[in-house]
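Shown below: coords_34.cif, with mmCIF, N, CA and C atoms.
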data_protein
#
loop_
_atom_site.label_atom_id
_atom_site.label_comp_id
_atom_site.auth_asym_id
_atom_site.auth_seq_id
_atom_site.Cartn_x
_atom_site.Cartn_y
_atom_site.Cartn_z
N MET A 1 0.85 -1.17 0.00
CA MET A 1 0.00 0.00 0.00
C MET A 1 0.90 1.24 0.00
N SER A 2 0.59 2.17 -0.88
CA SER A 2 1.38 3.39 -0.99
C SER A 2 0.57 4.59 -0.51
N TYR A 3 1.14 5.34 0.41
CA TYR A 3 0.51 6.55 0.91
C TYR A 3 1.07 7.80 0.23
N TYR A 4 2.06 7.63 -0.63
CA TYR A 4 2.76 8.79 -1.19
C TYR A 4 1.84 9.77 -1.91
N PRO A 5 0.91 9.31 -2.77
CA PRO A 5 0.00 10.29 -3.41
C PRO A 5 -0.82 11.08 -2.40
N GLU A 6 -1.25 10.42 -1.33
CA GLU A 6 -2.02 11.11 -0.30
C GLU A 6 -1.16 12.11 0.45
N ILE A 7 0.10 11.76 0.67
CA ILE A 7 1.02 12.67 1.34
C ILE A 7 1.22 13.92 0.50
N LEU A 8 1.46 13.71 -0.79
CA LEU A 8 1.69 14.86 -1.68
C LEU A 8 0.48 15.76 -1.79
N SER A 9 -0.70 15.18 -1.78
CA SER A 9 -1.90 15.99 -1.94
C SER A 9 -2.41 16.53 -0.60
N GLY A 10 -1.80 16.11 0.51
CA GLY A 10 -2.23 16.58 1.81
C GLY A 10 -3.54 15.95 2.27
N LYS A 11 -3.92 14.82 1.69
CA LYS A 11 -5.19 14.18 2.01
C LYS A 11 -5.03 12.95 2.90
N LEU A 12 -3.93 12.85 3.58
CA LEU A 12 -3.72 11.73 4.49
C LEU A 12 -4.56 12.01 5.74
N ASN A 13 -5.62 11.24 5.92
CA ASN A 13 -6.60 11.53 6.97
C ASN A 13 -6.15 11.15 8.37
N ALA A 14 -5.38 10.11 8.49
CA ALA A 14 -4.95 9.64 9.80
C ALA A 14 -3.53 10.14 10.09
N LYS A 15 -3.21 10.23 11.36
CA LYS A 15 -1.86 10.63 11.76
C LYS A 15 -1.08 9.38 12.11
N TYR A 16 0.04 9.20 11.45
CA TYR A 16 0.90 8.04 11.67
C TYR A 16 2.25 8.50 12.19
N THR A 17 3.03 7.54 12.69
CA THR A 17 4.43 7.79 13.01
C THR A 17 5.24 7.02 11.99
N TRP A 18 6.10 7.74 11.27
CA TRP A 18 6.90 7.18 10.19
C TRP A 18 8.36 7.10 10.61
N LEU A 19 9.05 6.03 10.23
CA LEU A 19 10.48 5.91 10.42
C LEU A 19 11.14 6.19 9.08
N VAL A 20 11.95 7.24 9.02
CA VAL A 20 12.67 7.59 7.80
C VAL A 20 14.14 7.28 8.04
N THR A 21 14.65 6.27 7.36
CA THR A 21 16.07 5.94 7.47
C THR A 21 16.84 6.82 6.50
N GLY A 22 18.01 7.24 6.91
CA GLY A 22 18.78 8.16 6.08
C GLY A 22 18.17 9.55 6.07
N ALA A 23 17.59 9.96 7.19
CA ALA A 23 16.85 11.22 7.28
C ALA A 23 17.70 12.45 7.03
N ALA A 24 19.01 12.35 7.21
CA ALA A 24 19.88 13.51 7.00
C ALA A 24 20.40 13.59 5.57
N GLY A 25 20.06 12.63 4.74
CA GLY A 25 20.47 12.64 3.35
C GLY A 25 19.51 13.45 2.49
N PHE A 26 19.81 13.56 1.22
CA PHE A 26 19.00 14.36 0.30
C PHE A 26 17.56 13.84 0.22
N ILE A 27 17.40 12.57 -0.09
CA ILE A 27 16.06 11.99 -0.25
C ILE A 27 15.35 11.92 1.10
N GLY A 28 16.04 11.42 2.12
CA GLY A 28 15.43 11.27 3.43
C GLY A 28 14.95 12.58 4.02
N SER A 29 15.72 13.65 3.84
CA SER A 29 15.32 14.94 4.39
C SER A 29 14.11 15.51 3.66
N HIS A 30 14.03 15.27 2.35
CA HIS A 30 12.87 15.74 1.60
C HIS A 30 11.62 14.93 1.94
N LEU A 31 11.78 13.64 2.15
CA LEU A 31 10.65 12.81 2.59
C LEU A 31 10.18 13.23 3.98
N THR A 32 11.14 13.49 4.86
CA THR A 32 10.82 13.97 6.20
C THR A 32 10.04 15.28 6.13
N GLU A 33 10.50 16.20 5.31
CA GLU A 33 9.81 17.48 5.15
C GLU A 33 8.38 17.29 4.64
N ALA A 34 8.20 16.41 3.64
CA ALA A 34 6.87 16.17 3.09
C ALA A 34 5.93 15.59 4.14
N LEU A 35 6.42 14.63 4.92
CA LEU A 35 5.58 14.02 5.96
C LEU A 35 5.23 15.02 7.05
N LEU A 36 6.21 15.78 7.50
CA LEU A 36 5.95 16.77 8.55
C LEU A 36 5.00 17.86 8.05
N SER A 37 5.10 18.21 6.79
CA SER A 37 4.27 19.28 6.23
C SER A 37 2.78 18.95 6.26
N VAL A 38 2.46 17.65 6.28
CA VAL A 38 1.05 17.25 6.35
C VAL A 38 0.68 16.75 7.75
N GLY A 39 1.50 17.14 8.75
CA GLY A 39 1.16 16.89 10.15
C GLY A 39 1.47 15.51 10.67
N GLN A 40 2.30 14.75 9.98
CA GLN A 40 2.64 13.41 10.43
C GLN A 40 3.78 13.47 11.46
N ASN A 41 3.91 12.42 12.25
CA ASN A 41 5.04 12.27 13.18
C ASN A 41 6.15 11.53 12.45
N VAL A 42 7.39 11.98 12.63
CA VAL A 42 8.52 11.34 11.95
C VAL A 42 9.62 11.06 12.96
N LYS A 43 10.12 9.84 12.91
CA LYS A 43 11.34 9.47 13.63
C LYS A 43 12.40 9.31 12.55
N GLY A 44 13.39 10.20 12.58
CA GLY A 44 14.44 10.17 11.59
C GLY A 44 15.65 9.43 12.12
N LEU A 45 16.13 8.48 11.35
CA LEU A 45 17.27 7.66 11.74
C LEU A 45 18.43 7.95 10.80
N ASP A 46 19.57 8.34 11.35
CA ASP A 46 20.74 8.59 10.52
C ASP A 46 21.99 8.55 11.38
N ASP A 47 23.08 8.08 10.80
CA ASP A 47 24.36 8.08 11.50
C ASP A 47 25.29 9.17 10.97
N PHE A 48 24.78 10.00 10.05
CA PHE A 48 25.52 11.13 9.48
C PHE A 48 26.80 10.70 8.77
N SER A 49 26.83 9.48 8.25
CA SER A 49 28.00 9.05 7.49
C SER A 49 28.06 9.78 6.15
N THR A 50 26.91 10.11 5.57
CA THR A 50 26.90 10.89 4.34
C THR A 50 25.93 12.07 4.41
N GLY A 51 24.94 12.01 5.27
CA GLY A 51 23.97 13.10 5.41
C GLY A 51 24.50 14.20 6.31
N THR A 52 23.75 15.31 6.36
CA THR A 52 24.21 16.45 7.16
C THR A 52 23.09 16.98 8.05
N GLN A 53 23.49 17.61 9.12
CA GLN A 53 22.54 18.26 10.02
C GLN A 53 21.82 19.40 9.30
N GLU A 54 22.49 20.04 8.35
CA GLU A 54 21.87 21.13 7.59
C GLU A 54 20.65 20.65 6.82
N ASN A 55 20.69 19.42 6.28
CA ASN A 55 19.53 18.87 5.57
C ASN A 55 18.34 18.71 6.52
N ILE A 56 18.61 18.23 7.72
CA ILE A 56 17.54 18.06 8.70
C ILE A 56 17.00 19.41 9.13
N ASN A 57 17.90 20.36 9.39
CA ASN A 57 17.45 21.70 9.80
C ASN A 57 16.56 22.33 8.74
N ALA A 58 16.92 22.18 7.47
CA ALA A 58 16.11 22.74 6.38
C ALA A 58 14.74 22.08 6.34
N ALA A 59 14.70 20.76 6.50
CA ALA A 59 13.42 20.04 6.49
C ALA A 59 12.53 20.51 7.63
N LEU A 60 13.10 20.67 8.80
CA LEU A 60 12.32 21.11 9.96
C LEU A 60 11.83 22.54 9.79
N ASN A 61 12.69 23.42 9.30
CA ASN A 61 12.31 24.82 9.11
C ASN A 61 11.24 24.97 8.03
N ASN A 62 11.37 24.21 6.95
CA ASN A 62 10.43 24.33 5.83
C ASN A 62 9.08 23.69 6.12
N SER A 63 9.05 22.69 6.99
CA SER A 63 7.80 21.96 7.24
C SER A 63 6.85 22.71 8.17
N GLY A 64 7.40 23.47 9.10
CA GLY A 64 6.57 24.15 10.08
C GLY A 64 6.07 23.27 11.21
N HIS A 65 6.55 22.03 11.26
CA HIS A 65 6.10 21.09 12.30
C HIS A 65 7.29 20.37 12.95
N ALA A 66 8.29 21.11 13.32
CA ALA A 66 9.49 20.51 13.91
C ALA A 66 9.18 19.74 15.18
N GLU A 67 8.12 20.11 15.88
CA GLU A 67 7.77 19.43 17.14
C GLU A 67 7.36 17.98 16.92
N ASN A 68 7.05 17.60 15.68
CA ASN A 68 6.64 16.22 15.37
C ASN A 68 7.81 15.35 14.93
N PHE A 69 9.04 15.84 15.11
CA PHE A 69 10.23 15.13 14.63
C PHE A 69 11.11 14.69 15.79
N THR A 70 11.59 13.46 15.71
CA THR A 70 12.56 12.92 16.66
C THR A 70 13.73 12.37 15.88
N LEU A 71 14.94 12.77 16.23
CA LEU A 71 16.13 12.27 15.56
C LEU A 71 16.75 11.15 16.37
N ILE A 72 17.05 10.05 15.69
CA ILE A 72 17.76 8.93 16.29
C ILE A 72 19.12 8.87 15.60
N ASN A 73 20.16 9.22 16.33
CA ASN A 73 21.51 9.25 15.76
C ASN A 73 22.12 7.86 15.89
N ALA A 74 21.91 7.03 14.87
CA ALA A 74 22.39 5.65 14.87
C ALA A 74 22.37 5.12 13.44
N SER A 75 23.00 3.99 13.26
CA SER A 75 22.98 3.31 11.97
C SER A 75 21.88 2.25 11.99
N ILE A 76 21.22 2.09 10.86
CA ILE A 76 20.18 1.06 10.78
C ILE A 76 20.76 -0.32 11.04
N THR A 77 22.01 -0.54 10.68
CA THR A 77 22.62 -1.86 10.92
C THR A 77 22.82 -2.09 12.41
N ASP A 78 23.11 -1.04 13.16
CA ASP A 78 23.24 -1.18 14.61
C ASP A 78 21.90 -1.58 15.23
N LEU A 79 20.84 -0.93 14.79
CA LEU A 79 19.53 -1.22 15.37
C LEU A 79 19.07 -2.62 15.05
N VAL A 80 19.30 -3.06 13.81
CA VAL A 80 18.87 -4.40 13.43
C VAL A 80 19.67 -5.45 14.19
N MET A 81 20.97 -5.29 14.25
CA MET A 81 21.82 -6.31 14.86
C MET A 81 21.69 -6.36 16.38
N PHE A 82 21.51 -5.21 17.02
CA PHE A 82 21.56 -5.18 18.47
C PHE A 82 20.23 -4.95 19.17
N TYR A 83 19.21 -4.59 18.41
CA TYR A 83 17.93 -4.34 19.06
C TYR A 83 16.82 -5.23 18.51
N ILE A 84 16.63 -5.21 17.21
CA ILE A 84 15.50 -5.93 16.63
C ILE A 84 15.75 -7.43 16.57
N MET A 85 16.89 -7.84 15.99
CA MET A 85 17.13 -9.27 15.80
C MET A 85 17.21 -10.06 17.10
N PRO A 86 17.91 -9.58 18.13
CA PRO A 86 17.97 -10.38 19.36
C PRO A 86 16.61 -10.57 20.03
N ARG A 87 15.67 -9.71 19.75
CA ARG A 87 14.35 -9.82 20.36
C ARG A 87 13.35 -10.55 19.46
N SER A 88 13.81 -10.94 18.31
CA SER A 88 12.95 -11.62 17.35
C SER A 88 12.92 -13.11 17.63
N ARG A 89 11.74 -13.68 17.64
CA ARG A 89 11.62 -15.12 17.88
C ARG A 89 12.31 -15.92 16.78
N GLN A 90 12.23 -15.44 15.54
CA GLN A 90 12.88 -16.14 14.44
C GLN A 90 14.39 -16.16 14.66
N PHE A 91 14.95 -15.05 15.08
CA PHE A 91 16.38 -14.98 15.32
C PHE A 91 16.77 -15.91 16.46
N LEU A 92 15.99 -15.90 17.53
CA LEU A 92 16.30 -16.75 18.67
C LEU A 92 16.20 -18.23 18.30
N SER A 93 15.18 -18.60 17.52
CA SER A 93 15.05 -20.01 17.16
C SER A 93 16.18 -20.43 16.23
N LEU A 94 16.64 -19.50 15.39
CA LEU A 94 17.77 -19.80 14.50
C LEU A 94 19.03 -20.05 15.33
N CYS A 95 19.26 -19.23 16.34
CA CYS A 95 20.45 -19.39 17.19
C CYS A 95 20.39 -20.66 18.02
N ASN A 96 19.20 -21.03 18.44
CA ASN A 96 19.04 -22.20 19.31
C ASN A 96 18.96 -23.51 18.54
N SER A 97 18.97 -23.45 17.20
CA SER A 97 18.82 -24.67 16.43
C SER A 97 20.14 -25.42 16.21
N ARG A 98 21.23 -24.89 16.70
CA ARG A 98 22.54 -25.53 16.48
C ARG A 98 22.77 -26.67 17.41
#
Give the structure from the file, written as C-alpha cells.
Amino acid sequence: MSYYPEILSGKLNAKYTWLVTGAAGFIGSHLTEALLSVGQNVKGLDDFSTGTQENINAALNNSGHAENFTLINASITDLVMFYIMPRSRQFLSLCNSR
C-alpha cells in the first residue's frame, strides 16, 4: 500500500508515526519534510556518514512542524543487529537450532 500520493496531496486523513532511514540525506530529508508538512510524526534515523545536520534543519524549518520530529543518531545496521534481531523469535530459534 502506498501513501505517497495522499502525502503529496495533503489528504492523508490519519496521523501516523513514520520511520525515515537516512533522514539527513537528500532523499530522506525531503521525505521527512513532506511528511511533517502534512502533520505526520517522523522518527528520523541517521548516523551522518553521508547526510548532514543542515539537511535536517532545512526540512524542519520548511515543514513548520518541527515538534513532530525525533532524531535517532544511529545506523540502521546497529539497530537491526543489536535491538530488533535479538528480540525476534525467528532470530532466537535460529540461534538455538545448532
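We find atom CA of Ser63 of chain A and atom C of Thr77 of chain A to be spaced 28.8 Å apart.
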Applied to the shown file, which residues does the PyMOL selection byres ((chain A and resi 43) around 6.5) return, written as a ChimeraX atom specification? /A:17-21,41-42,44-45,68-72
Segment 6-69 of chain A: which residues are strand (DSSP E or B) by DSSP, as a list in words? Thr17, Trp18, Leu19, Val20, Thr21, Asn41, Val42, Lys43, Gly44, Leu45, Asp46 and Phe69 of chain A
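Interatomic distance, atom CA of Gly39 of chain A to atom CA of Ala74 of chain A: 24.5 Å.
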Nearest to Gly28 of chain A, restricted to only C-alpha atoms and choosing among A:Ala14, A:Ile76, A:Ala59, A:Ser49, comes out as A:Ala59
Residues returned when the PyMOL selection byres ((chain A and resi 29) around 8) runs on this file, as a count of residues only: 21
One decimal, in Å: what's the spacing between atom C of Glu54 of chain A and atom N of Asn73 of chain A?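 Between these atoms lies a distance of 14.9 Å.
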Write a file for segment 62-81 of chain A, containing N, CA, C and O atoms (output as an mmCIF file, in the first residue's frame).
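Okay, this is what ended up in decode02.cif:
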data_model
loop_
_atom_site.group_PDB
_atom_site.id
_atom_site.type_symbol
_atom_site.label_atom_id
_atom_site.label_comp_id
_atom_site.auth_asym_id
_atom_site.auth_seq_id
_atom_site.Cartn_x
_atom_site.Cartn_y
_atom_site.Cartn_z
ATOM 1 N N ASN A 62 11.369 24.209 6.947
ATOM 2 C CA ASN A 62 10.427 24.329 5.832
ATOM 3 C C ASN A 62 9.076 23.687 6.117
ATOM 4 O O ASN A 62 8.068 24.086 5.538
ATOM 5 N N SER A 63 9.051 22.694 6.994
ATOM 6 C CA SER A 63 7.801 21.962 7.244
ATOM 7 C C SER A 63 6.854 22.707 8.169
ATOM 8 O O SER A 63 5.642 22.570 8.067
ATOM 9 N N GLY A 64 7.404 23.467 9.100
ATOM 10 C CA GLY A 64 6.569 24.151 10.076
ATOM 11 C C GLY A 64 6.074 23.267 11.206
ATOM 12 O O GLY A 64 5.253 23.688 12.012
ATOM 13 N N HIS A 65 6.551 22.029 11.265
ATOM 14 C CA HIS A 65 6.103 21.092 12.304
ATOM 15 C C HIS A 65 7.285 20.374 12.949
ATOM 16 O O HIS A 65 7.264 19.162 13.133
ATOM 17 N N ALA A 66 8.291 21.108 13.321
ATOM 18 C CA ALA A 66 9.495 20.510 13.913
ATOM 19 C C ALA A 66 9.184 19.742 15.185
ATOM 20 O O ALA A 66 9.892 18.803 15.541
ATOM 21 N N GLU A 67 8.117 20.108 15.880
ATOM 22 C CA GLU A 67 7.775 19.431 17.139
ATOM 23 C C GLU A 67 7.357 17.983 16.918
ATOM 24 O O GLU A 67 7.325 17.189 17.864
ATOM 25 N N ASN A 68 7.052 17.597 15.677
ATOM 26 C CA ASN A 68 6.641 16.223 15.371
ATOM 27 C C ASN A 68 7.809 15.355 14.930
ATOM 28 O O ASN A 68 7.608 14.256 14.427
ATOM 29 N N PHE A 69 9.042 15.842 15.110
ATOM 30 C CA PHE A 69 10.226 15.131 14.632
ATOM 31 C C PHE A 69 11.110 14.692 15.794
ATOM 32 O O PHE A 69 11.343 15.452 16.731
ATOM 33 N N THR A 70 11.588 13.460 15.708
ATOM 34 C CA THR A 70 12.561 12.924 16.665
ATOM 35 C C THR A 70 13.731 12.367 15.878
ATOM 36 O O THR A 70 13.530 11.575 14.952
ATOM 37 N N LEU A 71 14.940 12.771 16.231
ATOM 38 C CA LEU A 71 16.135 12.274 15.555
ATOM 39 C C LEU A 71 16.754 11.147 16.368
ATOM 40 O O LEU A 71 16.959 11.267 17.573
ATOM 41 N N ILE A 72 17.049 10.052 15.689
ATOM 42 C CA ILE A 72 17.761 8.931 16.286
ATOM 43 C C ILE A 72 19.117 8.871 15.598
ATOM 44 O O ILE A 72 19.202 8.554 14.410
ATOM 45 N N ASN A 73 20.164 9.218 16.327
ATOM 46 C CA ASN A 73 21.511 9.249 15.755
ATOM 47 C C ASN A 73 22.119 7.859 15.887
ATOM 48 O O ASN A 73 22.758 7.519 16.886
ATOM 49 N N ALA A 74 21.905 7.026 14.873
ATOM 50 C CA ALA A 74 22.389 5.650 14.865
ATOM 51 C C ALA A 74 22.366 5.119 13.444
ATOM 52 O O ALA A 74 21.758 5.715 12.567
ATOM 53 N N SER A 75 23.000 3.992 13.259
ATOM 54 C CA SER A 75 22.981 3.309 11.972
ATOM 55 C C SER A 75 21.881 2.252 11.989
ATOM 56 O O SER A 75 21.660 1.599 13.009
ATOM 57 N N ILE A 76 21.220 2.085 10.862
ATOM 58 C CA ILE A 76 20.175 1.059 10.776
ATOM 59 C C ILE A 76 20.764 -0.324 11.040
ATOM 60 O O ILE A 76 20.105 -1.180 11.629
ATOM 61 N N THR A 77 22.010 -0.541 10.677
ATOM 62 C CA THR A 77 22.615 -1.856 10.925
ATOM 63 C C THR A 77 22.818 -2.092 12.411
ATOM 64 O O THR A 77 22.691 -3.219 12.884
ATOM 65 N N ASP A 78 23.115 -1.039 13.165
ATOM 66 C CA ASP A 78 23.240 -1.184 14.613
ATOM 67 C C ASP A 78 21.904 -1.576 15.230
ATOM 68 O O ASP A 78 21.835 -2.446 16.079
ATOM 69 N N LEU A 79 20.842 -0.926 14.794
ATOM 70 C CA LEU A 79 19.532 -1.215 15.366
ATOM 71 C C LEU A 79 19.068 -2.624 15.047
ATOM 72 O O LEU A 79 18.530 -3.314 15.896
ATOM 73 N N VAL A 80 19.298 -3.062 13.810
ATOM 74 C CA VAL A 80 18.869 -4.403 13.428
ATOM 75 C C VAL A 80 19.666 -5.449 14.189
ATOM 76 O O VAL A 80 19.116 -6.392 14.741
ATOM 77 N N MET A 81 20.969 -5.295 14.245
ATOM 78 C CA MET A 81 21.818 -6.309 14.865
ATOM 79 C C MET A 81 21.690 -6.361 16.384
ATOM 80 O O MET A 81 21.747 -7.414 16.977
#
